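Engineer: Handing you this structure, nothing more for now.
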Amino acid sequence: MISIDSLTFRYGTAPVFENLSIDFKKNLNVVIGPNAAGKSTLLKCLFGLLKAQGTICWEGNDLSSLSKDERRNIMAYLPQEEMPATYLTVFEVALLGRISSLSWHITDRDLEKVYGALKGLHIETLAERFAGEISGGQKKLVSIAQTLVRDPKVILMDEPTNSLDMQKQLELFDVIHQIIADKDIKFIIVMHDLNLSCRHAEQLTILDGNGAVYASGSPKDIVTEEMLRNVYGVEANVIYDNKGIPVVSPIRSL
Amino acid sequence: MRKSILVLLLILTTFIAVGCSKQPAVNSIDDESLITVTDMAGREVAIEGPIERILFDQWGCAEIVFAVVGEEALGKTVAVGNNKTSEFMKSLYADKYSGKYTQLKSLPNIGGGGGGPFDVEAIIALKPDVFIINSTDPGGIAEMVGTLEKAGIPSIILNLAARPMETPQIGIELIGNIFGKEERAQELNNFINTQFELINSKNLSERTDKPTVYMEKGSGSADKYDSTWASGSWSDIIEYAGGINIAANTSGSSAQIDPEYLITSDPDFIIIAGALGFGEDIYKGTAVLDEYAKRVGWDKLKAVRENNYYELPHGYERNQMTFYPSLFLAKLFYPAEFADTNPPEILKEYFDRYMLLDYDEGVWFVQRKDF
Amino acid sequence: MDKTVQAGREIYINIVQKKITIITALIFVILFSLVINIFVGSAGLTLSETVAAIARQADDTSILVVWDIRMPVALSAVFIGAALGMAGCEMQTILRNPMASAYTLGLSSAASFGAALAIVLRFSVIPGVGNYMLIANSLLFTMLAAGVIIAFSKKSGADRGIIILFGIALNFLFGSLTTLIKYVANEVDLQSFVFWSFGSLTKMNWEKLAVTVFVTVLCFIIFARKAWKLTAMSLSDTNALSLGIDVNQVRRNTIFFVALLAATTVSFAGTIGFVGLVAPHLARMISGEDQRYFLPLSALIGALILSLASILCKILVPGTILPIGLITSIIGIPFFTALILQRKRSYM
């Protein structure tokens, strides 16, 4: 799907990561790592908000040969921060996802996409509410709707479960699985929560504190007590549930 | 909906185009009664006589016309613009003359007042024969004057304050020409010039015993200094009367003095330019002087201790009566030179001969005596 | 498929129908107030005399009063109100700050400084413009302030927080410079300056009106063409960026055109406060932030407020035209406060 090869990005002269190479192969890819490992920066480089050296390929094609618009047709990006107190209705926020094709007049295709996305996420009843007035979990769904209306091939998400309670976090992943099943859209998600990541990621990529890939693969194979010691600097127990999914129980900082 | 907006815009554009392009209204003028003069803004103005309805921008401007034309002009006054004292001046004239000139009881409001907008429509509705304006900024009123001209109302712009010892005389001559009172205008100018000549004859600028003087505006308090004059205006008059303005060249044209500088300068005279004039009483004048004297260090000042501490009416440094403060200060600074001159008497004579109100209706100077 | 479109269309119509109705109604109310404004004045013309004068079938003086005094002022009220409403709407949008208006970022203090230079020091930035000195000065200084902000933002890639801070700095700078000039001013000039700063439409004429209309319509078209981009500015910066919008560039462009609106209105009519702040507020309450409606509504509400204020300032004290800026503030602020309180209550 998306592969990056010897990607380097610096803020000023301080490198965030150097010669980073990852091959995202699965439908649901999760990137984890300690604070300041460059996870969010990596997403922004993938989307093109930040300019990094190196190559990023989509299905074998170098993205740098594509125009900004073409690139945005492939990828959508969901930023980390919550939607501000805006006086736009949920419908209008979702509609904005189609901004590149919007004119003064709204076409049937726009309406179909927006309503379809809202209904798919079961938030069509919120359509006429102001997006600033709804709950945090609903806001996240509206943001997802905004990315879905563009029919992207890949959705990049930056810590989408932040500030959601446990139930909403699980529901969010249900939605993501649903989208993968229905629309064949791939995900690259930056996460903080190890256990949630282990449970849902098909491919887990672990960045270490120096902006290098520590490991990339199935969570079962790479989430180990050794990894937690080396990457996070913590002593932790890793046990496996009945499906063989690793569950991390941190003990103390080293 | 977009179409209807477009149509609206189209209509508006047409309106504006019509408004921009249309011809100004021209009134037919009878050549025989036409008075043509050049006003003090350098404009050629034609006034259709006889002048029966006069508008003034403020009472101060009306008074110079009354001085030249006399009571007759008061009778023809149909409105006077606003300023700080306009209501009061209106009542003074109305109390005294409304038996004779009934319109004075209910002069209509036309707005105005120190840069404030006049109600041009109200002026047009009054159909005056001439609108007389005393303005230091002819550019600022050009727009209004232009509109009035289109409505067939001529405006005469006076600029009496430009050079207070010369320009009022030019204005007086102009008014004399407009109203056919050339002789009376000449007589008034002679009166004014006589006073200035008297001062000039003493060669005060060459004196070596010049006193030092501090002047301040009268709207301050014991705690708050008001502005002084570093140049122009009262500063010029002090110099003309042979004094040394201690604030001269200290800052901009009007700013507050540094109290420390004032106290170390310890001037021979302190003059406050306050709200004296018509309708004021002597107690209010003294109160201002007392209030200022409470300031830190003022009890040590020579001028305060020796009662060389006066209040004069502010505003009279820039009109046809500038001779009065000039003469008053000159006599104050050099009493021996002006032993035979009594400035308040001369001002009273001016009132008697040229003003429609009496000298006694106001207070024209206050000296602070021991307390 | 069709069912989805149908459902989407239904929701969409629900959202926009009310806005369209209110916009249409507002246009008629404004036209009505415009007509009233032309009929009100101290010249004492009767209804039929005014109608005759509008049709140019009356005596010269009546025609002059109606065509040269009332109409330019009445139309100016509408267009300057619209300009201020629009400028406030876009400033609030790009700074995502409900306290912003056409006058924030130091734009109006720059204009005041230019005016003070003209009134007090008789200093003209462009020599030889004569009576247009004041207009030229305030226009130039407003655009200068905008230019400095734009250049600063371009150079440093500043976000909105930094732009606001820089604007506050500019505001204080021009404010102090103006105070400095006021400090050395004589009282006559000082009073002229105070009157100028109140804001007034009495100096409008057909030529100035034509310029105002041109600038207002031009800016409206420019903003309207960017309606969706500006709408996206109501989201967070990153979200807008993710939609492919160069937020810093949109911000800079918008500041330029807001400054153009501010410069035009301030230099012709002085600072008329409050309209640019309250019109977008009211518009937002009605339409939300979809710029296709938010922008015209802000303009229309601004136009209506100023048009009504223009009528009021002629009739409150007969024979005197009160400065319109005073009317908008004194009458507008209690009304506005009541509105905010009521709205807050309905949320709780």
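By convention here, the chains of the structure tokens are called A, B, ... in the order presented, each chain's residues are numbered starting at 1, and ligands are numbered starting at 1 in the order presented.
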Sorted by chain and rising residue number, list the residues of chain C at most 7 Å from chain A (counting only C-alpha atoms), each with its closest atom pair and distance in Å to one decimal, as a Markdown table.
Structural biologist:
| residue | atom | partner | partner_atom | distance |
| --- | --- | --- | --- | --- |
| C:Thr4 | CA | A:Glu112 | CA | 5.4 |
| C:Val5 | CA | A:Glu112 | CA | 4.5 |
| C:Gly8 | CA | A:Leu111 | CA | 5.0 |
| C:Arg9 | CA | A:Leu111 | CA | 6.2 |
| C:Ile15 | CA | A:Glu128 | CA | 6.6 |
| C:Trp228 | CA | A:Ile99 | CA | 6.7 |
| C:Ala232 | CA | A:Leu96 | CA | 6.7 |
| C:Ser234 | CA | A:Thr86 | CA | 6.1 |
| C:Leu235 | CA | A:Pro84 | CA | 6.3 |
| C:Ser236 | CA | A:Pro84 | CA | 6.2 |
| C:Thr238 | CA | A:Pro79 | CA | 6.2 |
| C:Asn239 | CA | A:Pro79 | CA | 6.1 |
| C:Ser242 | CA | A:Tyr77 | CA | 5.7 |
| C:Leu243 | CA | A:Gly97 | CA | 6.5 |
| C:Gly288 | CA | A:Tyr87 | CA | 4.8 |
| C:Glu289 | CA | A:Leu88 | CA | 5.4 |
| C:Asp290 | CA | A:Leu88 | CA | 6.5 |
Engineer: Return as an MDAnalysis selection string the residues belonging to chain C that are within 8 Å of chain B, counting only C-alpha atoms.
Structural biologist: chainID C and resid 24 41:44 60:61 64:65 67:69 130:131 183:186 188 191:193 195:196 202:203 206:207 209:210 318:321 323
Engineer: Can you list, as a PyMOL selection string, every residue of segment 156-351 of chain B that DSSP puts in strand (DSSP E)?
Structural biologist: chain B and resi 156-158+212-217+228-229+244-245+254-255+269-274+277-278+309-313
Engineer: Residues near Ser155 of chain B, anyone? I mean within 10 Å using only C-alpha atoms, not counting same-chain ones fewer than 3 positions away, as a list in words.
Structural biologist: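 The residues that qualify are Asp39, Arg43, Val45, Ala46, Ile47, Leu55, Phe56, Pro128, Asp129, Val130, Phe131, Ile132, Ile133, Met144, Val145, Gly146, Leu148, Glu149, Gly152 and Leu158 of chain B.
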Engineer: Quick one: write out the picked residues with N, CA and C atoms as a PDB file, in the first residue's frame?
Structural biologist:
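Full text of result-v3.pdb as output:
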ATOM      1  N   ASP B  39     -13.731  86.557  -0.306  1.00  0.00           N
ATOM      2  CA  ASP B  39     -13.708  86.329   1.145  1.00  0.00           C
ATOM      3  C   ASP B  39     -12.298  85.941   1.604  1.00  0.00           C
ATOM      4  N   ARG B  43     -12.098  83.091  -1.922  1.00  0.00           N
ATOM      5  CA  ARG B  43     -13.162  82.712  -2.846  1.00  0.00           C
ATOM      6  C   ARG B  43     -13.904  83.949  -3.337  1.00  0.00           C
ATOM      7  N   VAL B  45     -17.188  85.541  -4.098  1.00  0.00           N
ATOM      8  CA  VAL B  45     -18.555  85.223  -3.701  1.00  0.00           C
ATOM      9  C   VAL B  45     -19.491  86.314  -4.191  1.00  0.00           C
ATOM     10  N   ALA B  46     -20.588  85.887  -4.792  1.00  0.00           N
ATOM     11  CA  ALA B  46     -21.602  86.854  -5.213  1.00  0.00           C
ATOM     12  C   ALA B  46     -22.811  86.716  -4.306  1.00  0.00           C
ATOM     13  N   ILE B  47     -23.225  87.808  -3.695  1.00  0.00           N
ATOM     14  CA  ILE B  47     -24.388  87.765  -2.820  1.00  0.00           C
ATOM     15  C   ILE B  47     -25.471  88.636  -3.420  1.00  0.00           C
ATOM     16  N   LEU B  55     -27.176  84.073   8.416  1.00  0.00           N
ATOM     17  CA  LEU B  55     -26.871  82.916   9.254  1.00  0.00           C
ATOM     18  C   LEU B  55     -25.419  83.049   9.718  1.00  0.00           C
ATOM     19  N   PHE B  56     -25.170  82.737  10.979  1.00  0.00           N
ATOM     20  CA  PHE B  56     -23.792  82.762  11.471  1.00  0.00           C
ATOM     21  C   PHE B  56     -23.401  81.378  11.946  1.00  0.00           C
ATOM     22  N   PRO B 128     -31.305  81.458   3.871  1.00  0.00           N
ATOM     23  CA  PRO B 128     -30.615  82.714   4.209  1.00  0.00           C
ATOM     24  C   PRO B 128     -30.059  83.382   2.949  1.00  0.00           C
ATOM     25  N   ASP B 129     -29.861  84.700   3.029  1.00  0.00           N
ATOM     26  CA  ASP B 129     -29.229  85.405   1.909  1.00  0.00           C
ATOM     27  C   ASP B 129     -27.725  85.229   1.947  1.00  0.00           C
ATOM     28  N   VAL B 130     -27.196  85.028   3.162  1.00  0.00           N
ATOM     29  CA  VAL B 130     -25.756  84.787   3.272  1.00  0.00           C
ATOM     30  C   VAL B 130     -25.483  83.992   4.557  1.00  0.00           C
ATOM     31  N   PHE B 131     -24.467  83.146   4.496  1.00  0.00           N
ATOM     32  CA  PHE B 131     -24.036  82.359   5.648  1.00  0.00           C
ATOM     33  C   PHE B 131     -22.609  82.803   5.963  1.00  0.00           C
ATOM     34  N   ILE B 132     -22.410  83.392   7.135  1.00  0.00           N
ATOM     35  CA  ILE B 132     -21.086  83.911   7.475  1.00  0.00           C
ATOM     36  C   ILE B 132     -20.410  82.978   8.478  1.00  0.00           C
ATOM     37  N   ILE B 133     -19.206  82.532   8.110  1.00  0.00           N
ATOM     38  CA  ILE B 133     -18.504  81.511   8.899  1.00  0.00           C
ATOM     39  C   ILE B 133     -17.120  82.032   9.273  1.00  0.00           C
ATOM     40  N   MET B 144     -19.370  71.474   2.594  1.00  0.00           N
ATOM     41  CA  MET B 144     -20.650  72.069   2.952  1.00  0.00           C
ATOM     42  C   MET B 144     -20.876  73.360   2.165  1.00  0.00           C
ATOM     43  N   VAL B 145     -19.829  74.178   2.094  1.00  0.00           N
ATOM     44  CA  VAL B 145     -19.943  75.441   1.374  1.00  0.00           C
ATOM     45  C   VAL B 145     -20.324  75.182  -0.086  1.00  0.00           C
ATOM     46  N   GLY B 146     -19.736  74.121  -0.651  1.00  0.00           N
ATOM     47  CA  GLY B 146     -20.038  73.775  -2.039  1.00  0.00           C
ATOM     48  C   GLY B 146     -21.502  73.387  -2.221  1.00  0.00           C
ATOM     49  N   LEU B 148     -24.015  74.224  -0.302  1.00  0.00           N
ATOM     50  CA  LEU B 148     -24.858  75.411  -0.108  1.00  0.00           C
ATOM     51  C   LEU B 148     -24.845  76.283  -1.347  1.00  0.00           C
ATOM     52  N   GLU B 149     -23.685  76.381  -1.962  1.00  0.00           N
ATOM     53  CA  GLU B 149     -23.573  77.200  -3.166  1.00  0.00           C
ATOM     54  C   GLU B 149     -24.501  76.671  -4.251  1.00  0.00           C
ATOM     55  N   GLY B 152     -27.801  77.760  -3.975  1.00  0.00           N
ATOM     56  CA  GLY B 152     -27.964  79.196  -4.156  1.00  0.00           C
ATOM     57  C   GLY B 152     -27.735  79.990  -2.886  1.00  0.00           C
ATOM     58  N   LEU B 158     -14.682  83.860   6.950  1.00  0.00           N
ATOM     59  CA  LEU B 158     -13.727  84.748   7.603  1.00  0.00           C
ATOM     60  C   LEU B 158     -12.677  83.855   8.250  1.00  0.00           C
TER      61      LEU B 158
END
Engineer: Enumerate as a count of residues only all residues of segment 20-197 of chain A assigned to helix (DSSP H, G or I) by DSSP on the backbone, naming them with the chain letters and numbers the document uses.
Structural biologist: 83
Engineer: Do a neighbour search on Leu46 of chain A at 12 Å with only C-alpha atoms, toss out local chain neighbours closer than 3 positions, and write the hits as a tab-separated table (two decimals) with N, CA and C atoms, in the first residue's frame.
Structural biologist:
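So the final result, stored in selection-v3.tsv, reads:
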chain	number	residue	atom	x	y	z
A	2	ILE	N	1.12	1.81	1.17
A	2	ILE	CA	2.04	2.96	1.23
A	2	ILE	C	3.37	2.48	1.77
A	3	SER	N	4.40	2.85	1.07
A	3	SER	CA	5.72	2.52	1.60
A	3	SER	C	6.58	3.77	1.59
A	4	ILE	N	7.36	3.94	2.66
A	4	ILE	CA	8.27	5.08	2.68
A	4	ILE	C	9.69	4.55	2.72
A	5	ASP	N	10.54	5.29	2.04
A	5	ASP	CA	11.91	4.81	1.92
A	5	ASP	C	12.88	5.93	2.27
A	7	LEU	N	13.20	8.16	4.62
A	7	LEU	CA	12.56	9.47	4.82
A	7	LEU	C	13.31	10.22	5.93
A	8	THR	N	13.64	11.50	5.66
A	8	THR	CA	14.34	12.32	6.65
A	8	THR	C	13.59	13.62	6.84
A	9	PHE	N	13.37	13.99	8.08
A	9	PHE	CA	12.74	15.29	8.32
A	9	PHE	C	13.42	15.99	9.48
A	22	ILE	N	9.47	2.41	6.12
A	22	ILE	CA	8.39	1.56	6.61
A	22	ILE	C	7.55	1.12	5.41
A	24	PHE	N	3.85	0.01	4.83
A	24	PHE	CA	2.52	-0.24	5.40
A	24	PHE	C	1.78	-1.15	4.44
A	39	LYS	N	5.82	10.62	15.66
A	39	LYS	CA	4.67	9.94	15.06
A	39	LYS	C	3.78	10.92	14.26
A	40	SER	N	3.41	12.03	14.94
A	40	SER	CA	2.55	13.00	14.27
A	40	SER	C	3.25	13.61	13.07
A	41	THR	N	4.54	13.87	13.25
A	41	THR	CA	5.32	14.44	12.14
A	41	THR	C	5.32	13.50	10.95
A	42	LEU	N	5.43	12.21	11.25
A	42	LEU	CA	5.42	11.22	10.17
A	42	LEU	C	4.12	11.30	9.38
A	43	LEU	N	2.99	11.41	10.10
A	43	LEU	CA	1.70	11.50	9.42
A	43	LEU	C	1.63	12.75	8.54
A	49	LEU	N	1.69	17.81	4.47
A	49	LEU	CA	1.66	19.11	5.17
A	49	LEU	C	3.08	19.55	5.48
A	50	LEU	N	3.95	18.58	5.75
A	50	LEU	CA	5.36	18.88	5.97
A	50	LEU	C	6.15	18.23	4.83
A	51	LYS	N	7.24	18.88	4.48
A	51	LYS	CA	8.00	18.36	3.34
A	51	LYS	C	9.23	17.63	3.86
A	52	ALA	N	9.30	16.33	3.56
A	52	ALA	CA	10.42	15.52	4.03
A	52	ALA	C	11.25	15.05	2.83
A	53	GLN	N	12.50	14.72	3.11
A	53	GLN	CA	13.34	14.15	2.05
A	53	GLN	C	13.13	12.64	2.04
A	54	GLY	N	13.25	12.05	0.86
A	54	GLY	CA	13.04	10.61	0.75
A	54	GLY	C	11.84	10.35	-0.12
A	55	THR	N	11.48	9.10	-0.27
A	55	THR	CA	10.36	8.79	-1.16
A	55	THR	C	9.20	8.18	-0.39
A	56	ILE	N	8.00	8.58	-0.83
A	56	ILE	CA	6.78	7.99	-0.32
A	56	ILE	C	6.04	7.43	-1.53
A	57	CYS	N	5.73	6.16	-1.48
A	57	CYS	CA	5.07	5.55	-2.64
A	57	CYS	C	3.69	5.04	-2.29
A	58	TRP	N	2.77	5.24	-3.21
A	58	TRP	CA	1.43	4.67	-3.09
A	58	TRP	C	1.28	3.62	-4.18
A	62	ASP	N	5.55	6.89	-6.97
A	62	ASP	CA	6.12	7.95	-6.14
A	62	ASP	C	5.12	9.10	-6.01
A	63	LEU	N	4.77	9.44	-4.78
A	63	LEU	CA	3.76	10.50	-4.56
A	63	LEU	C	4.27	11.86	-4.99
A	64	SER	N	5.59	12.06	-4.97
A	64	SER	CA	6.11	13.39	-5.29
A	64	SER	C	5.86	13.74	-6.75
A	71	ARG	N	-2.79	14.02	-4.80
A	71	ARG	CA	-2.33	13.42	-3.55
A	71	ARG	C	-3.48	13.39	-2.53
A	72	ARG	N	-4.26	14.51	-2.51
A	72	ARG	CA	-5.36	14.55	-1.55
A	72	ARG	C	-6.52	13.64	-1.96
A	74	ILE	N	-5.96	10.65	-2.89
A	74	ILE	CA	-5.57	9.34	-2.36
A	74	ILE	C	-5.72	9.33	-0.85
A	75	MET	N	-5.24	10.44	-0.20
A	75	MET	CA	-5.18	10.42	1.26
A	75	MET	C	-6.06	11.49	1.88
A	76	ALA	N	-6.63	11.13	3.02
A	76	ALA	CA	-7.30	12.15	3.85
A	76	ALA	C	-6.62	12.14	5.20
A	77	TYR	N	-6.65	13.28	5.88
A	77	TYR	CA	-5.90	13.38	7.13
A	77	TYR	C	-6.81	13.93	8.21
A	154	VAL	N	-6.82	6.14	1.44
A	154	VAL	CA	-6.21	5.95	2.75
A	154	VAL	C	-6.66	7.08	3.67
A	155	ILE	N	-6.93	6.74	4.93
A	155	ILE	CA	-7.20	7.80	5.90
A	155	ILE	C	-6.11	7.78	6.94
A	156	LEU	N	-5.49	8.93	7.15
A	156	LEU	CA	-4.46	9.06	8.17
A	156	LEU	C	-5.11	9.68	9.40
A	157	MET	N	-4.94	9.05	10.57
A	157	MET	CA	-5.58	9.58	11.77
A	157	MET	C	-4.53	9.80	12.85
A	158	ASP	N	-4.59	10.97	13.45
A	158	ASP	CA	-3.62	11.29	14.50
A	158	ASP	C	-4.32	11.18	15.86
A	188	ILE	N	-3.98	4.46	8.34
A	188	ILE	CA	-2.73	4.54	9.10
A	188	ILE	C	-3.03	5.42	10.30
A	189	ILE	N	-2.95	4.83	11.49
A	189	ILE	CA	-3.41	5.53	12.68
A	189	ILE	C	-2.26	5.66	13.67
C	242	SER	N	-5.83	20.30	6.24
C	242	SER	CA	-6.07	18.95	5.74
C	242	SER	C	-7.05	18.96	4.57
Engineer: I want to know what sits within 7 Å of segment 305-310 of chain C, based on only C-alpha atoms, with residues of the same chain fewer than 2 positions away left out; could you give that as a ChimeraX atom specification?
Structural biologist: /C:33-34,74,77-78,81,301-303,312-314,324,327-328
Engineer: May I ask which of the residues C:Val211, C:Met71, C:Met99, C:Cys219 is the closest one to Leu260 of chain C, counting only C-alpha atoms?
Structural biologist: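 Counting only C-alpha atoms, the residue closest to Leu260 of chain C is C:Cys219.
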Engineer: Which residues, written as an mmCIF file with N, CA and C atoms, in the first residue's frame, have at least one atom at most 9 Å from Ala222 of chain B, with only C-alpha atoms counted and residues fewer than 2 positions away on the same chain left out?
Structural biologist:
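Saved as out_5.cif:
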data_model
loop_
_atom_site.group_PDB
_atom_site.id
_atom_site.type_symbol
_atom_site.label_atom_id
_atom_site.label_comp_id
_atom_site.auth_asym_id
_atom_site.auth_seq_id
_atom_site.Cartn_x
_atom_site.Cartn_y
_atom_site.Cartn_z
ATOM 1 N N GLY B 220 -7.936 73.478 34.344
ATOM 2 C CA GLY B 220 -7.238 72.485 35.165
ATOM 3 C C GLY B 220 -7.754 72.525 36.594
ATOM 4 N N LYS B 224 -4.292 68.924 38.639
ATOM 5 C CA LYS B 224 -4.017 68.678 37.229
ATOM 6 C C LYS B 224 -3.671 69.978 36.508
ATOM 7 N N TYR B 225 -2.451 70.031 35.994
ATOM 8 C CA TYR B 225 -2.063 71.182 35.177
ATOM 9 C C TYR B 225 -2.810 71.143 33.860
ATOM 10 N N ASP B 290 -7.653 80.664 43.041
ATOM 11 C CA ASP B 290 -7.405 80.038 44.349
ATOM 12 C C ASP B 290 -7.081 78.554 44.205
ATOM 13 N N GLU B 291 -7.852 77.916 43.325
ATOM 14 C CA GLU B 291 -7.656 76.472 43.105
ATOM 15 C C GLU B 291 -6.236 76.193 42.607
ATOM 16 N N TYR B 292 -5.818 76.952 41.606
ATOM 17 C CA TYR B 292 -4.470 76.743 41.049
ATOM 18 C C TYR B 292 -3.399 77.029 42.106
ATOM 19 N N ALA B 293 -3.675 78.020 42.971
ATOM 20 C CA ALA B 293 -2.667 78.434 43.963
ATOM 21 C C ALA B 293 -2.419 77.345 45.003
ATOM 22 N N LYS B 294 -3.353 76.362 45.072
ATOM 23 C CA LYS B 294 -3.172 75.272 46.038
ATOM 24 C C LYS B 294 -2.121 74.262 45.583
ATOM 25 N N ARG B 295 -1.657 74.392 44.368
ATOM 26 C CA ARG B 295 -0.709 73.407 43.834
ATOM 27 C C ARG B 295 0.605 73.441 44.621
ATOM 28 N N VAL B 296 1.246 72.303 44.621
ATOM 29 C CA VAL B 296 2.501 72.178 45.359
ATOM 30 C C VAL B 296 3.491 73.244 44.904
#
Engineer: Residues at most 10 Å from Val213 of chain A, counting only C-alpha atoms, excluding those fewer than 4 positions away in the same chain, as a list in words?
Structural biologist: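 Skipping anything fewer than 4 positions along the chain leaves Phe17, Asn19, Leu20, Ser21, Ile22, Val31, Gly33, Ala37, Thr205, Ile206, Leu207, Asp208 and Gly209 of chain A.
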Engineer: As an exercise, work out the distance from atom CA of Ala212 of chain A to atom CA of Ser65 of chain A in Å and give it to one decimal place.
Structural biologist: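 Taking atom CA of Ala212 of chain A as the start and atom CA of Ser65 of chain A as the end point, the length is 25.9 Å.
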Engineer: So the first atom is atom CA of Gly233 of chain A and the second is atom CA of Leu254 of chain A; what is the distance between them in Å, to one decimal place?
Structural biologist: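 Calculated distance between atom CA of Gly233 of chain A and atom CA of Leu254 of chain A is 5.5 Å.
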Engineer: To one decimal in Å, tell me the separation between atom CA of Phe274 of chain C and atom CA of Ser112 of chain C.
Structural biologist: 16.4 Å
